[in-house]
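Q: I am sharing final.cif, which consists of mmCIF, C-alpha atoms:
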```cif
data_query
loop_
_atom_site.label_atom_id
_atom_site.label_comp_id
_atom_site.auth_asym_id
_atom_site.auth_seq_id
_atom_site.Cartn_x
_atom_site.Cartn_y
_atom_site.Cartn_z
CA MET A 1234 12.34 -4.38 18.25
CA ASN A 1235 8.72 -5.51 17.96
CA CYS A 1236 6.14 -4.74 15.29
CA ILE A 1237 2.61 -5.33 14.03
CA ILE A 1238 1.22 -5.71 10.50
CA VAL A 1239 -1.95 -3.87 9.46
CA ASP A 1240 -3.32 -4.83 6.04
CA ASP A 1241 -6.80 -5.84 4.89
CA GLU A 1242 -5.47 -8.48 2.47
CA PRO A 1243 -4.64 -11.87 4.09
CA LEU A 1244 -2.09 -12.72 1.39
CA ALA A 1245 -0.34 -9.38 1.82
CA ARG A 1246 -0.11 -9.96 5.59
CA ALA A 1247 1.36 -13.41 5.02
CA GLU A 1248 3.93 -12.07 2.56
CA MET A 1249 4.86 -9.24 4.92
CA ARG A 1250 5.27 -11.69 7.81
CA SER A 1251 7.54 -13.89 5.72
CA LEU A 1252 9.67 -10.93 4.60
CA ILE A 1253 10.06 -9.60 8.13
CA ASN A 1254 11.15 -12.99 9.42
CA GLU A 1255 13.56 -13.34 6.49
CA THR A 1256 15.24 -9.94 6.80
CA SER A 1257 15.21 -9.13 10.52
CA LYS A 1258 14.91 -10.36 14.06
CA ALA A 1259 11.90 -8.17 14.79
CA GLU A 1260 9.20 -9.79 16.92
CA ILE A 1261 5.77 -9.71 15.26
CA LEU A 1262 3.24 -9.11 18.04
CA GLY A 1263 0.13 -9.27 15.90
CA GLU A 1264 -1.54 -8.96 12.51
CA PHE A 1265 -4.70 -6.97 11.85
CA SER A 1266 -7.07 -6.62 8.91
CA ASN A 1267 -8.28 -3.13 9.81
CA ALA A 1268 -7.21 -0.04 11.69
CA PRO A 1269 -9.79 -0.12 14.55
CA SER A 1270 -8.71 -3.58 15.70
CA ALA A 1271 -5.05 -2.52 15.52
CA LEU A 1272 -5.81 0.60 17.56
CA ASP A 1273 -7.49 -1.51 20.25
CA PHE A 1274 -4.30 -3.57 20.46
CA LEU A 1275 -2.12 -0.45 20.66
CA ASN A 1276 -4.17 0.85 23.58
CA THR A 1277 -2.93 -2.01 25.75
CA ASN A 1278 0.41 -2.93 24.18
CA ASN A 1279 3.66 -1.11 23.46
CA VAL A 1280 4.56 -1.40 19.79
CA ASP A 1281 7.79 -0.07 18.31
CA LEU A 1282 6.96 -0.30 14.60
CA ILE A 1283 3.82 -0.60 12.48
CA PHE A 1284 3.79 -1.95 8.92
CA LEU A 1285 0.75 -0.15 7.59
CA ASP A 1286 -1.22 -0.55 4.37
CA ILE A 1287 -2.98 2.58 3.07
CA GLU A 1288 -6.11 1.65 1.12
CA MET A 1289 -8.19 -0.19 3.71
CA PRO A 1290 -11.94 -0.20 4.52
CA MET A 1291 -13.42 1.85 7.38
CA VAL A 1292 -10.24 3.79 8.18
CA THR A 1293 -7.40 4.33 5.68
CA GLY A 1294 -3.79 3.88 6.69
CA LEU A 1295 -3.20 7.63 6.38
CA GLU A 1296 -6.14 8.38 8.69
CA PHE A 1297 -4.97 5.72 11.11
CA ALA A 1298 -1.45 7.15 11.19
CA GLU A 1299 -2.82 10.44 12.51
CA MET A 1300 -4.38 8.58 15.47
CA LEU A 1301 -1.24 6.74 16.52
CA PRO A 1302 0.82 7.45 19.65
CA LYS A 1303 3.92 9.46 18.83
CA LYS A 1304 6.26 6.75 20.10
CA SER A 1305 5.16 4.27 17.41
CA LEU A 1306 7.10 4.36 14.13
CA ILE A 1307 5.43 3.63 10.79
CA ILE A 1308 6.53 1.98 7.57
CA PHE A 1309 3.81 2.27 4.94
CA THR A 1310 3.33 -0.73 2.65
CA THR A 1311 1.16 -0.07 -0.39
CA ALA A 1312 0.73 -0.74 -4.09
CA TYR A 1313 0.11 2.96 -4.78
CA SER A 1314 2.93 5.47 -5.24
CA GLN A 1315 0.76 8.60 -5.07
CA TYR A 1316 0.62 8.58 -1.27
CA ALA A 1317 4.39 8.77 -0.77
CA LEU A 1318 4.63 12.49 -0.07
CA LYS A 1319 1.71 12.46 2.35
CA SER A 1320 3.30 9.55 4.20
CA TYR A 1321 6.47 11.54 4.87
CA GLU A 1322 4.40 14.47 6.08
CA LEU A 1323 3.09 12.02 8.67
CA GLU A 1324 6.75 11.34 9.60
CA ALA A 1325 6.78 7.76 8.39
CA VAL A 1326 10.12 5.97 8.61
CA ASP A 1327 9.74 4.68 5.07
CA TYR A 1328 7.33 3.98 2.22
CA LEU A 1329 7.51 0.58 0.56
CA LEU A 1330 5.80 -0.23 -2.71
CA LYS A 1331 4.29 -3.68 -3.22
CA PRO A 1332 5.56 -6.15 -4.25
CA ILE A 1333 8.13 -5.38 -1.58
CA ASP A 1334 11.75 -6.18 -2.30
CA SER A 1335 13.55 -7.92 0.59
CA LYS A 1336 16.64 -5.69 0.30
CA ARG A 1337 14.46 -2.58 0.32
CA LEU A 1338 12.69 -3.85 3.44
CA GLU A 1339 16.01 -4.61 5.10
CA LYS A 1340 17.13 -1.02 4.52
CA ALA A 1341 13.87 0.31 5.97
CA MET A 1342 14.23 -1.93 9.01
CA GLU A 1343 17.76 -0.71 9.63
CA LYS A 1344 16.47 2.84 9.63
CA ALA A 1345 13.60 1.94 11.98
CA ILE A 1346 15.98 0.18 14.40
CA LEU A 1347 18.29 3.20 14.45
CA TYR A 1348 15.40 5.56 15.18
CA THR A 1349 14.00 3.27 17.87
CA GLU A 1350 17.39 3.36 19.57
CA LEU A 1351 17.58 7.14 19.26
CA LEU A 1352 14.08 7.63 20.63
CA SER A 1353 14.75 5.24 23.53
CA GLN A 1354 17.54 7.49 24.76
CA ASP A 1355 16.84 10.29 27.19
CA THR A 1356 16.46 12.68 24.29
CA VAL A 1357 14.72 15.37 26.32
CA LYS A 1358 18.17 16.27 27.65
CA ASN A 1359 19.46 16.88 24.12
CA THR A 1360 18.89 20.55 23.38
CA VAL A 1361 20.28 23.21 21.08
CA GLU A 1362 21.92 25.60 23.52
CA SER A 1363 23.14 28.30 21.15
CA ASN A 1364 24.20 29.00 17.62
CA THR A 1365 26.51 31.27 15.64
CA ALA A 1366 26.75 31.99 11.92
CA ASP A 1367 28.80 28.80 11.48
CA PHE A 1368 27.76 26.19 14.04
CA LEU A 1369 25.34 24.94 16.69
CA PHE A 1370 26.07 23.88 20.25
CA ILE A 1371 24.00 20.84 21.26
CA LYS A 1372 23.90 19.71 24.87
CA ALA A 1373 23.61 15.95 25.40
CA ASP A 1374 24.52 13.90 28.48
CA ARG A 1375 25.90 16.97 30.23
CA ARG A 1376 28.31 17.62 27.36
CA PHE A 1377 28.29 20.29 24.67
CA TYR A 1378 28.76 19.21 21.05
CA LYS A 1379 29.85 21.71 18.45
CA ILE A 1380 28.12 20.95 15.16
CA SER A 1381 29.44 22.91 12.18
CA PHE A 1382 26.85 23.78 9.56
CA SER A 1383 29.32 22.62 6.92
CA ASP A 1384 29.11 19.09 8.41
CA ILE A 1385 25.31 18.85 8.40
CA LYS A 1386 23.99 16.99 5.36
CA PHE A 1387 20.29 17.31 6.18
CA ILE A 1388 17.91 17.57 9.11
CA GLU A 1389 14.88 15.31 9.44
CA GLY A 1390 11.76 15.82 11.54
CA LEU A 1391 10.91 12.74 13.64
CA LYS A 1392 7.93 12.88 15.97
CA ASP A 1393 8.65 15.64 18.53
CA TYR A 1394 12.34 15.72 17.66
CA VAL A 1395 14.74 16.38 14.81
CA VAL A 1396 17.51 14.10 13.64
CA ILE A 1397 20.61 15.98 12.53
CA HIS A 1398 22.46 13.93 9.90
CA THR A 1399 26.13 14.97 9.83
CA ARG A 1400 29.17 13.56 8.04
CA GLN A 1401 30.12 11.57 11.15
CA GLN A 1402 26.94 10.78 13.08
CA LYS A 1403 23.22 11.25 13.66
CA LEU A 1404 22.12 13.36 16.62
CA ILE A 1405 18.56 13.60 17.90
CA THR A 1406 17.39 16.63 19.83
CA ALA A 1407 14.11 17.88 21.28
CA MET A 1408 13.18 20.63 18.83
CA ASN A 1409 10.82 20.96 15.91
CA LEU A 1410 12.04 21.44 12.36
CA LYS A 1411 10.80 25.02 12.01
CA THR A 1412 12.69 26.15 15.11
CA ILE A 1413 16.02 24.59 14.15
CA HIS A 1414 15.70 25.90 10.59
CA GLN A 1415 15.54 29.41 12.03
CA LYS A 1416 18.86 28.81 13.80
CA ILE A 1417 20.88 27.72 10.79
CA SER A 1418 22.24 29.46 7.70
CA TRP A 1419 19.50 30.12 5.17
CA GLU A 1420 22.14 30.57 2.47
CA THR A 1421 23.05 26.88 2.34
CA PHE A 1422 20.00 25.24 3.96
CA LEU A 1423 16.52 25.02 2.52
CA ARG A 1424 13.37 23.42 3.78
CA VAL A 1425 12.11 21.08 1.05
CA SER A 1426 9.16 19.39 2.76
CA LYS A 1427 7.29 19.31 6.04
CA SER A 1428 9.86 16.85 7.39
CA TYR A 1429 13.20 17.83 5.81
CA VAL A 1430 15.75 20.64 5.61
CA VAL A 1431 18.70 19.99 3.29
CA ASN A 1432 22.19 21.42 2.88
CA PHE A 1433 22.68 22.42 -0.76
CA ASP A 1434 26.35 21.41 -0.64
CA PHE A 1435 25.55 17.71 -0.10
CA ILE A 1436 22.96 17.22 -2.83
CA ASP A 1437 24.15 14.52 -5.23
CA SER A 1438 21.20 14.69 -7.62
CA PHE A 1439 17.48 15.42 -7.78
CA ASP A 1440 14.41 14.97 -9.91
CA ASN A 1441 10.97 16.56 -9.84
CA HIS A 1442 9.97 14.71 -6.70
CA ASN A 1443 13.08 13.71 -4.71
CA ILE A 1444 16.52 14.88 -3.62
CA TYR A 1445 19.30 12.31 -3.27
CA ILE A 1446 22.02 12.71 -0.64
CA ASP A 1447 24.28 9.67 -0.33
CA GLU A 1448 21.89 6.74 0.19
CA SER A 1449 19.03 8.95 1.38
CA GLU A 1450 16.01 9.76 -0.79
CA ILE A 1451 14.37 12.97 0.41
CA PRO A 1452 10.90 13.92 -0.90
CA ILE A 1453 10.24 17.44 -2.19
CA GLY A 1454 6.93 18.78 -0.90
CA GLU A 1455 4.46 20.32 -3.34
CA VAL A 1456 4.48 23.74 -1.66
CA TYR A 1457 8.30 23.74 -1.48
CA ARG A 1458 9.10 22.54 -5.03
CA SER A 1459 9.10 25.91 -6.81
CA ASP A 1460 11.28 27.48 -4.13
CA PHE A 1461 13.78 24.62 -4.32
CA PHE A 1462 14.07 24.80 -8.12
CA THR A 1463 14.45 28.58 -7.97
CA LYS A 1464 17.09 28.68 -5.25
CA TYR A 1465 19.06 25.54 -6.09
CA ALA A 1466 18.70 25.31 -9.87
CA GLY A 1467 18.54 29.06 -10.44
CA GLY A 1468 15.12 28.76 -12.04
CA PHE A 1469 16.61 27.25 -15.19
CA LEU A 1470 14.85 23.90 -14.81
CA ASN A 1471 11.16 23.15 -15.06
CA SER A 1472 9.75 22.08 -11.68
CA GLU A 1473 6.54 20.74 -13.18
CA GLY A 1474 5.89 17.08 -13.97
#
```
Will you turn the file into structure tokens for me?
A:
Amino acid sequence: MNCIIVDDEPLARAEMRSLINETSKAEILGEFSNAPSALDFLNTNNVDLIFLDIEMPMVTGLEFAEMLPKKSLIIFTTAYSQYALKSYELEAVDYLLKPIDSKRLEKAMEKAILYTELLSQDTVKNTVESNTADFLFIKADRRFYKISFSDIKFIEGLKDYVVIHTRQQKLITAMNLKTIHQKISWETFLRVSKSYVVNFDFIDSFDNHNIYIDESEIPIGEVYRSDFFTKYAGGFLNSEG
């Protein structure tokens, strides 16, 4: 995997470079102090992953993310927590708060590597062929896989695909989140943000902003929060704050 670092602070770039070298074998192709210079580089180079600051002059990291080619994955690196939800709406792999913890970065890199591998496969061949009240049939590599709804923990939107997280594996298929949500049971699945649909049965805990399933932290979107608290918590808990 290769990557670039985009941050307007020289010290932050140096710290990010050191952390990447310490926690992974990713090749750093370049470092940039602003989004326009990074975009020029992306126009002539293939980049797997972008470590992207948010509050930068000229073009913010959020604005820059909307310009990026779909094949490039993003990990936001920022000192400000208030942009987290927006970052996931832009389908970022992760959102790291400065000062960045090496173990937290390592976890984010593992996720990015997995998704790079998934996206490098011939995913266009992976399609949802049919569904019943209890399961989906997914076609991949000329085989049909039966995916029981009871095995699906959550479904994540990723670029032009969705990643189906089951008890046993992760499957990527060429379909948007809205379409696959229409094919699954609405009794046990609920869309909780622009990028996530969750299975109620696998929720370990939640707070006003996130749902926790195993090691995954899933953001609750503003427009979805009231619906989640009503359907999952029966309306007995306050969704504000």
Q: Using all atoms listed in the file, find the one residue out of A:Tyr1429, A:Tyr1348, A:Tyr1445, A:Tyr1465 that sits nearest to A:Leu1404.
A: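 Smallest distance to A:Leu1404 is found for A:Tyr1348.
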Q: From the list A:Met1289, A:Ile1451, A:Ile1237, A:Ile1413, which residue is nearest A:Val1326 when using all atoms listed in the file?
A: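 Nearest candidate to A:Val1326 out of A:Met1289, A:Ile1451, A:Ile1237, A:Ile1413: A:Ile1451.
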Q: Could you check which of A:Glu1322, A:Glu1248, A:Asp1241, A:Asp1393 is closest to A:Met1291, using all atoms listed in the file?
A: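 Result for the nearest residue to A:Met1291: A:Asp1241.
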Q: Work out how far apart atom CA of A:Ile1405 and atom CA of A:Leu1351 are and give it in Å to one decimal.
A: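 So the answer is 6.7 Å.
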Q: Using the chain letters and numbers from this file, what does the PyMOL selection byres ((chain A and resi 1306) around 8) select? Give the answer as a list of chain:residue names.
A: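 Output of the PyMOL selection byres ((chain A and resi 1306) around 8): A:Asp1281, A:Leu1282, A:Ile1283, A:Lys1303, A:Lys1304, A:Ser1305, A:Ile1307, A:Ile1308, A:Ala1325, A:Val1326, A:Ala1345, A:Thr1349.
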Q: Place a sphere of radius 12 Å on (28.4, 11.0, -0.8) in the file coordinates and name every protein, DNA or RNA residue with an atom inside or on its surface, counting all atoms listed in the file; give the answer as a count of residues only.
A: 13
Q: To one decimal place in Å, what is the distance between atom CA of A:Tyr1313 and atom CA of A:Leu1301?
A: 21.7 Å
Q: Which of these, A:Leu1285, A:Ala1312, A:Ala1268, A:Leu1275, has the shortest distance to A:Ile1238 once you count all atoms listed in the file?
A: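 For A:Ile1238, the nearest of the given residues is A:Leu1285.
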